[in-house]
Amino acid sequence: MSVSVLTSFSSSSSSSRNLKIGIVGFGPFGQFLAKTMIKQGHILQATSRSDHSQLCHHLGISFFRDEREFVEADNDVILICTSILSLSQVLKNLPLHFLKRPTLIAEVLSVKEYPRNVLLQVVPEEMDLLCTHPMFGPESGKNGWQDLTFVYDKVRIRDESTCSNFLHIFQTEGCKMVEMSCEEHDKVAARSQFLTHTIGRTLSEMEIETTSMDTKGFETLVRLKESSVRDSFDLFCGLFIYNRFAKQELQNLEMALEKVKQKLLQKMEEQSSNEFIP
């Protein structure tokens with residue numbers, strides 16, 4: 001496995017230009033990103049399985065029901081904001097061969113190797129590819145993106161200017177820019193993001209709730225549970241199914257819980273055998 005590369009991002013250009021960005025999948029996360037992009041002056045267009053035409057009209061975004069018209073709308077960047085589970089089908093239905101000129105195809109999924117591999121298979125070779133993962137969302141980023149992590153991998157970049165201008169969107173908002181290979185991202189995310197979601201979902205299954213005598217630690221667990229269930233179960237499934245490192249982390253968690261259990265039982269037996277019985 002290749003050694004991970006983590007670097008702080010610095011723009012190579014002294015100025016940036018406004019981009020024409022087409023968003024594929026205008027759900028909550030796509031809408032969340034769009035509002036900041038609009039604020040920065042970028043021109044946005046969108047297409048989605050659901051009809052978001054009214055919302056887009058309100059935001060000043062052109063909405064396309066016809067995917068060919070969207071592809072032919074001369075975007076500098078096409079940004080994939082679909083769910084992990086729907087990515088393959090969405091890209092199969094997107095007629096990228098109608099693109100009129102070289103375009104940067106970027107994505108913001110929570111796993112990286114899977115979308116990279118799919119994009120390399122279906123995107124015309126003359127198009128640039130950028131895999132990214134904003135490590136925040138509508139809740140954690142509601143008060144701004146300052147110091148929030150943005151991970152990216154320049155999978156296939158020829159037009160450095162357009163790529164730099166797109167990354168500049170996040171740099172301008174104060175994000176911590178981290179360049180990392182898709183493989184290394186998934187390895188790290190399996191231990192951090194997937195493990196966090198797994199524990200949160202487990203706490204939800206236990207139906208833990210606040211009590212009148214909560215410790216600070218328990219309050220943290222309740223917040224973790226509530227944060228995890230706010231995200232869709234499809235996202236949680238995607239983190240497991242499409243990150244090849246997640247299954248091992250789940251096994252590690254199971255083994256660790258069993259070790260803790262055995263230590264408790266052993267201590268209980270020792271304590272019981274040493275107890276003084278009058």
# chains A, B, ... in the order shown; residues from 1 in each chain; ligands from 1
call {"tool": "closest_atom_pairs", "arguments": {"of": "range 90-111 of chain A", "to": "range 57-72 of chain A", "cutoff": "12 Å", "atoms": "only C-alpha atoms", "output": "Markdown table"}}
result
| residue | atom | partner | partner_atom | distance |
| --- | --- | --- | --- | --- |
| A:Val90 | CA | A:Glu67 | CA | 10.3 |
| A:Leu91 | CA | A:Glu67 | CA | 10.7 |
| A:Lys92 | CA | A:Glu67 | CA | 11.3 |
| A:Asn93 | CA | A:Glu67 | CA | 8.0 |
| A:Leu94 | CA | A:Glu67 | CA | 6.2 |
| A:Pro95 | CA | A:Arg68 | CA | 6.0 |
| A:Leu96 | CA | A:Val71 | CA | 6.4 |
| A:His97 | CA | A:Val71 | CA | 8.6 |
| A:Phe98 | CA | A:Glu72 | CA | 6.2 |
| A:Leu99 | CA | A:Glu72 | CA | 5.6 |
| A:Lys100 | CA | A:Glu72 | CA | 6.4 |
| A:Arg101 | CA | A:Glu72 | CA | 9.3 |
| A:Pro102 | CA | A:Val71 | CA | 11.8 |
| A:Thr103 | CA | A:Val71 | CA | 10.2 |
| A:Ile105 | CA | A:Val71 | CA | 11.3 |
call {"tool": "residues_around", "arguments": {"residues": "range 225-238 of chain A", "least_positions_apart": "4", "cutoff": "9 Å", "atoms": "only C-alpha atoms", "output": "list in words"}}
result
Ser83, Ile84, Leu85, Ser110, Val111, Glu139, Phe194, Thr196, His197, Thr198, Ile199, Gly200, Arg201, Thr202, Leu203, Ser204, Ile208, Thr220, Leu221, Tyr242 and Asn243 of chain A
call {"tool": "atom_distance", "arguments": {"atom1": "CA of Val155 in chain A", "atom2": "CA of Val118 in chain A"}}
result
12.2 Å
call {"tool": "residues_around", "arguments": {"residues": "range 36-50 of chain A", "least_positions_apart": "2", "cutoff": "6 Å", "atoms": "only C-alpha atoms", "output": "ChimeraX atom specification"}}
result
/A:18-26,33-34,61-64
call {"tool": "write_last_selection", "arguments": {"atoms": "N, CA, C and O atoms", "output": "compact mmCIF listing (two decimals), in the first residue's frame"}}
result
# COMPACT_ATOMS: atom_id res chain seq x y z
N ASN A 18 -14.37 33.19 -10.88
CA ASN A 18 -15.64 32.54 -10.62
C ASN A 18 -15.83 31.38 -11.60
O ASN A 18 -15.45 31.47 -12.76
N LEU A 19 -16.42 30.32 -11.10
CA LEU A 19 -16.61 29.11 -11.90
C LEU A 19 -18.09 28.89 -12.20
O LEU A 19 -18.97 29.34 -11.47
N LYS A 20 -18.33 28.17 -13.27
CA LYS A 20 -19.67 27.69 -13.59
C LYS A 20 -19.72 26.24 -13.14
O LYS A 20 -19.05 25.38 -13.72
N ILE A 21 -20.48 25.99 -12.09
CA ILE A 21 -20.47 24.68 -11.43
C ILE A 21 -21.83 24.00 -11.57
O ILE A 21 -22.86 24.57 -11.19
N GLY A 22 -21.83 22.81 -12.11
CA GLY A 22 -23.06 22.01 -12.22
C GLY A 22 -23.09 20.95 -11.14
O GLY A 22 -22.17 20.13 -11.05
N ILE A 23 -24.13 20.94 -10.32
CA ILE A 23 -24.24 20.00 -9.22
C ILE A 23 -25.18 18.86 -9.61
O ILE A 23 -26.32 19.08 -10.02
N VAL A 24 -24.70 17.64 -9.47
CA VAL A 24 -25.50 16.44 -9.72
C VAL A 24 -25.92 15.87 -8.37
O VAL A 24 -25.08 15.40 -7.60
N GLY A 25 -27.22 15.92 -8.07
CA GLY A 25 -27.72 15.48 -6.77
C GLY A 25 -27.89 16.67 -5.86
O GLY A 25 -26.95 17.05 -5.15
N PHE A 26 -29.09 17.27 -5.88
CA PHE A 26 -29.28 18.52 -5.13
C PHE A 26 -30.06 18.27 -3.85
O PHE A 26 -31.04 18.94 -3.54
N LEU A 33 -23.60 23.02 0.20
CA LEU A 33 -22.42 23.52 -0.51
C LEU A 33 -22.79 24.67 -1.44
O LEU A 33 -22.04 25.65 -1.57
N ALA A 34 -23.94 24.54 -2.09
CA ALA A 34 -24.34 25.54 -3.08
C ALA A 34 -24.46 26.94 -2.49
O ALA A 34 -24.08 27.93 -3.12
N ILE A 61 -30.38 29.49 -9.09
CA ILE A 61 -29.70 28.36 -9.72
C ILE A 61 -30.55 27.83 -10.86
O ILE A 61 -31.77 27.66 -10.70
N SER A 62 -29.95 27.54 -12.00
CA SER A 62 -30.67 26.92 -13.11
C SER A 62 -30.84 25.44 -12.82
O SER A 62 -29.86 24.73 -12.55
N PHE A 63 -32.09 24.95 -12.87
CA PHE A 63 -32.35 23.53 -12.58
C PHE A 63 -32.76 22.83 -13.87
O PHE A 63 -33.60 23.30 -14.63
N PHE A 64 -32.14 21.67 -14.11
CA PHE A 64 -32.39 20.89 -15.32
C PHE A 64 -33.03 19.55 -14.95
O PHE A 64 -32.46 18.80 -14.16
call {"tool": "select_by_dssp", "arguments": {"residues": "range 61-203 of chain A", "states": "helix (DSSP H, G or I)", "output": "PDB file with C-alpha atoms, in the first residue's frame"}}
result
ATOM      1  CA  GLU A  67     -29.686  15.348 -17.921  1.00  0.00           C
ATOM      2  CA  ARG A  68     -28.410  15.819 -21.465  1.00  0.00           C
ATOM      3  CA  GLU A  69     -29.293  19.529 -21.338  1.00  0.00           C
ATOM      4  CA  PHE A  70     -27.479  19.744 -18.009  1.00  0.00           C
ATOM      5  CA  VAL A  71     -24.345  18.077 -19.424  1.00  0.00           C
ATOM      6  CA  LEU A  87     -23.482   6.765  -7.408  1.00  0.00           C
ATOM      7  CA  SER A  88     -23.107   3.987  -9.960  1.00  0.00           C
ATOM      8  CA  GLN A  89     -26.659   4.296 -11.301  1.00  0.00           C
ATOM      9  CA  VAL A  90     -26.541   8.094 -11.397  1.00  0.00           C
ATOM     10  CA  LEU A  91     -23.314   8.099 -13.403  1.00  0.00           C
ATOM     11  CA  LYS A  92     -24.656   5.461 -15.788  1.00  0.00           C
ATOM     12  CA  ASN A  93     -27.613   7.743 -16.533  1.00  0.00           C
ATOM     13  CA  LEU A  96     -21.058  12.617 -20.086  1.00  0.00           C
ATOM     14  CA  HIS A  97     -20.108  11.927 -23.707  1.00  0.00           C
ATOM     15  CA  PHE A  98     -22.141  15.026 -24.615  1.00  0.00           C
ATOM     16  CA  GLU A 113     -11.591   4.553  -3.554  1.00  0.00           C
ATOM     17  CA  TYR A 114     -15.036   3.508  -4.794  1.00  0.00           C
ATOM     18  CA  PRO A 115     -16.012   6.771  -6.530  1.00  0.00           C
ATOM     19  CA  ARG A 116     -12.491   7.134  -7.924  1.00  0.00           C
ATOM     20  CA  ASN A 117     -12.696   3.705  -9.543  1.00  0.00           C
ATOM     21  CA  VAL A 118     -16.204   4.323 -10.914  1.00  0.00           C
ATOM     22  CA  LEU A 119     -15.230   7.714 -12.326  1.00  0.00           C
ATOM     23  CA  LEU A 120     -12.135   6.283 -13.996  1.00  0.00           C
ATOM     24  CA  GLN A 121     -14.376   3.712 -15.693  1.00  0.00           C
ATOM     25  CA  VAL A 122     -17.204   5.959 -16.905  1.00  0.00           C
ATOM     26  CA  GLU A 160      -4.443  23.076 -12.820  1.00  0.00           C
ATOM     27  CA  SER A 161      -6.116  26.488 -12.971  1.00  0.00           C
ATOM     28  CA  THR A 162      -9.698  25.176 -12.809  1.00  0.00           C
ATOM     29  CA  CYS A 163      -8.762  22.646 -10.125  1.00  0.00           C
ATOM     30  CA  SER A 164      -7.030  25.325  -8.060  1.00  0.00           C
ATOM     31  CA  ASN A 165     -10.005  27.664  -8.396  1.00  0.00           C
ATOM     32  CA  PHE A 166     -12.385  24.938  -7.235  1.00  0.00           C
ATOM     33  CA  LEU A 167     -10.208  24.082  -4.218  1.00  0.00           C
ATOM     34  CA  HIS A 168      -9.977  27.807  -3.507  1.00  0.00           C
ATOM     35  CA  ILE A 169     -13.710  27.760  -2.659  1.00  0.00           C
ATOM     36  CA  PHE A 170     -12.911  25.783   0.473  1.00  0.00           C
ATOM     37  CA  GLN A 171      -9.600  27.470   1.230  1.00  0.00           C
ATOM     38  CA  THR A 172     -11.329  30.867   1.164  1.00  0.00           C
ATOM     39  CA  CYS A 182      -8.051   7.848  -1.859  1.00  0.00           C
ATOM     40  CA  GLU A 183      -6.681   4.632  -0.370  1.00  0.00           C
ATOM     41  CA  GLU A 184      -5.195   6.338   2.668  1.00  0.00           C
ATOM     42  CA  HIS A 185      -8.392   8.352   3.162  1.00  0.00           C
ATOM     43  CA  ASP A 186     -10.501   5.196   3.336  1.00  0.00           C
ATOM     44  CA  LYS A 187      -8.082   3.515   5.715  1.00  0.00           C
ATOM     45  CA  VAL A 188      -8.166   6.488   8.100  1.00  0.00           C
ATOM     46  CA  ALA A 189     -11.908   7.093   7.680  1.00  0.00           C
ATOM     47  CA  ALA A 190     -12.735   3.473   8.507  1.00  0.00           C
ATOM     48  CA  ARG A 191     -11.220   4.010  11.969  1.00  0.00           C
ATOM     49  CA  SER A 192     -12.565   7.525  12.500  1.00  0.00           C
ATOM     50  CA  GLN A 193     -15.792   8.187  10.603  1.00  0.00           C
ATOM     51  CA  PHE A 194     -17.152   4.633  10.247  1.00  0.00           C
ATOM     52  CA  LEU A 195     -16.237   3.673  13.813  1.00  0.00           C
ATOM     53  CA  THR A 196     -17.910   6.835  15.117  1.00  0.00           C
ATOM     54  CA  HIS A 197     -21.095   6.089  13.177  1.00  0.00           C
ATOM     55  CA  THR A 198     -21.047   2.454  14.331  1.00  0.00           C
ATOM     56  CA  ILE A 199     -20.821   3.361  18.011  1.00  0.00           C
ATOM     57  CA  GLY A 200     -23.476   6.044  17.575  1.00  0.00           C
ATOM     58  CA  ARG A 201     -25.839   3.597  15.873  1.00  0.00           C
ATOM     59  CA  THR A 202     -25.163   1.007  18.577  1.00  0.00           C
ATOM     60  CA  LEU A 203     -26.055   3.533  21.265  1.00  0.00           C
TER      61      LEU A 203
END
call {"tool": "closest_residue", "arguments": {"among": "A:Pro124, A:Gly137, A:Gly217, A:Gly174", "to": "Pro28 in chain A", "atoms": "only C-alpha atoms"}}
result
A:Gly137
call {"tool": "select_by_dssp", "arguments": {"residues": "range 160-218 of chain A", "states": "strand (DSSP E)", "output": "VMD selection string"}}
result
chain A and resid 176 to 179
call {"tool": "closest_residue", "arguments": {"among": "A:Glu126, A:Glu205, A:Cys131, A:Thr210", "to": "Met180 in chain A", "atoms": "only C-alpha atoms"}}
result
A:Cys131
call {"tool": "atom_distance", "arguments": {"atom1": "CA of Phe240 in chain A", "atom2": "CA of Lys112 in chain A"}}
result
12.4 Å
call {"tool": "closest_residue", "arguments": {"among": "A:Ala73, A:Leu104, A:Leu79, A:Leu130", "to": "Glu179 in chain A", "atoms": "only C-alpha atoms"}}
result
A:Leu130
call {"tool": "atom_distance", "arguments": {"atom1": "CA of Glu107 in chain A", "atom2": "CA of Asp159 in chain A"}}
result
16.7 Å
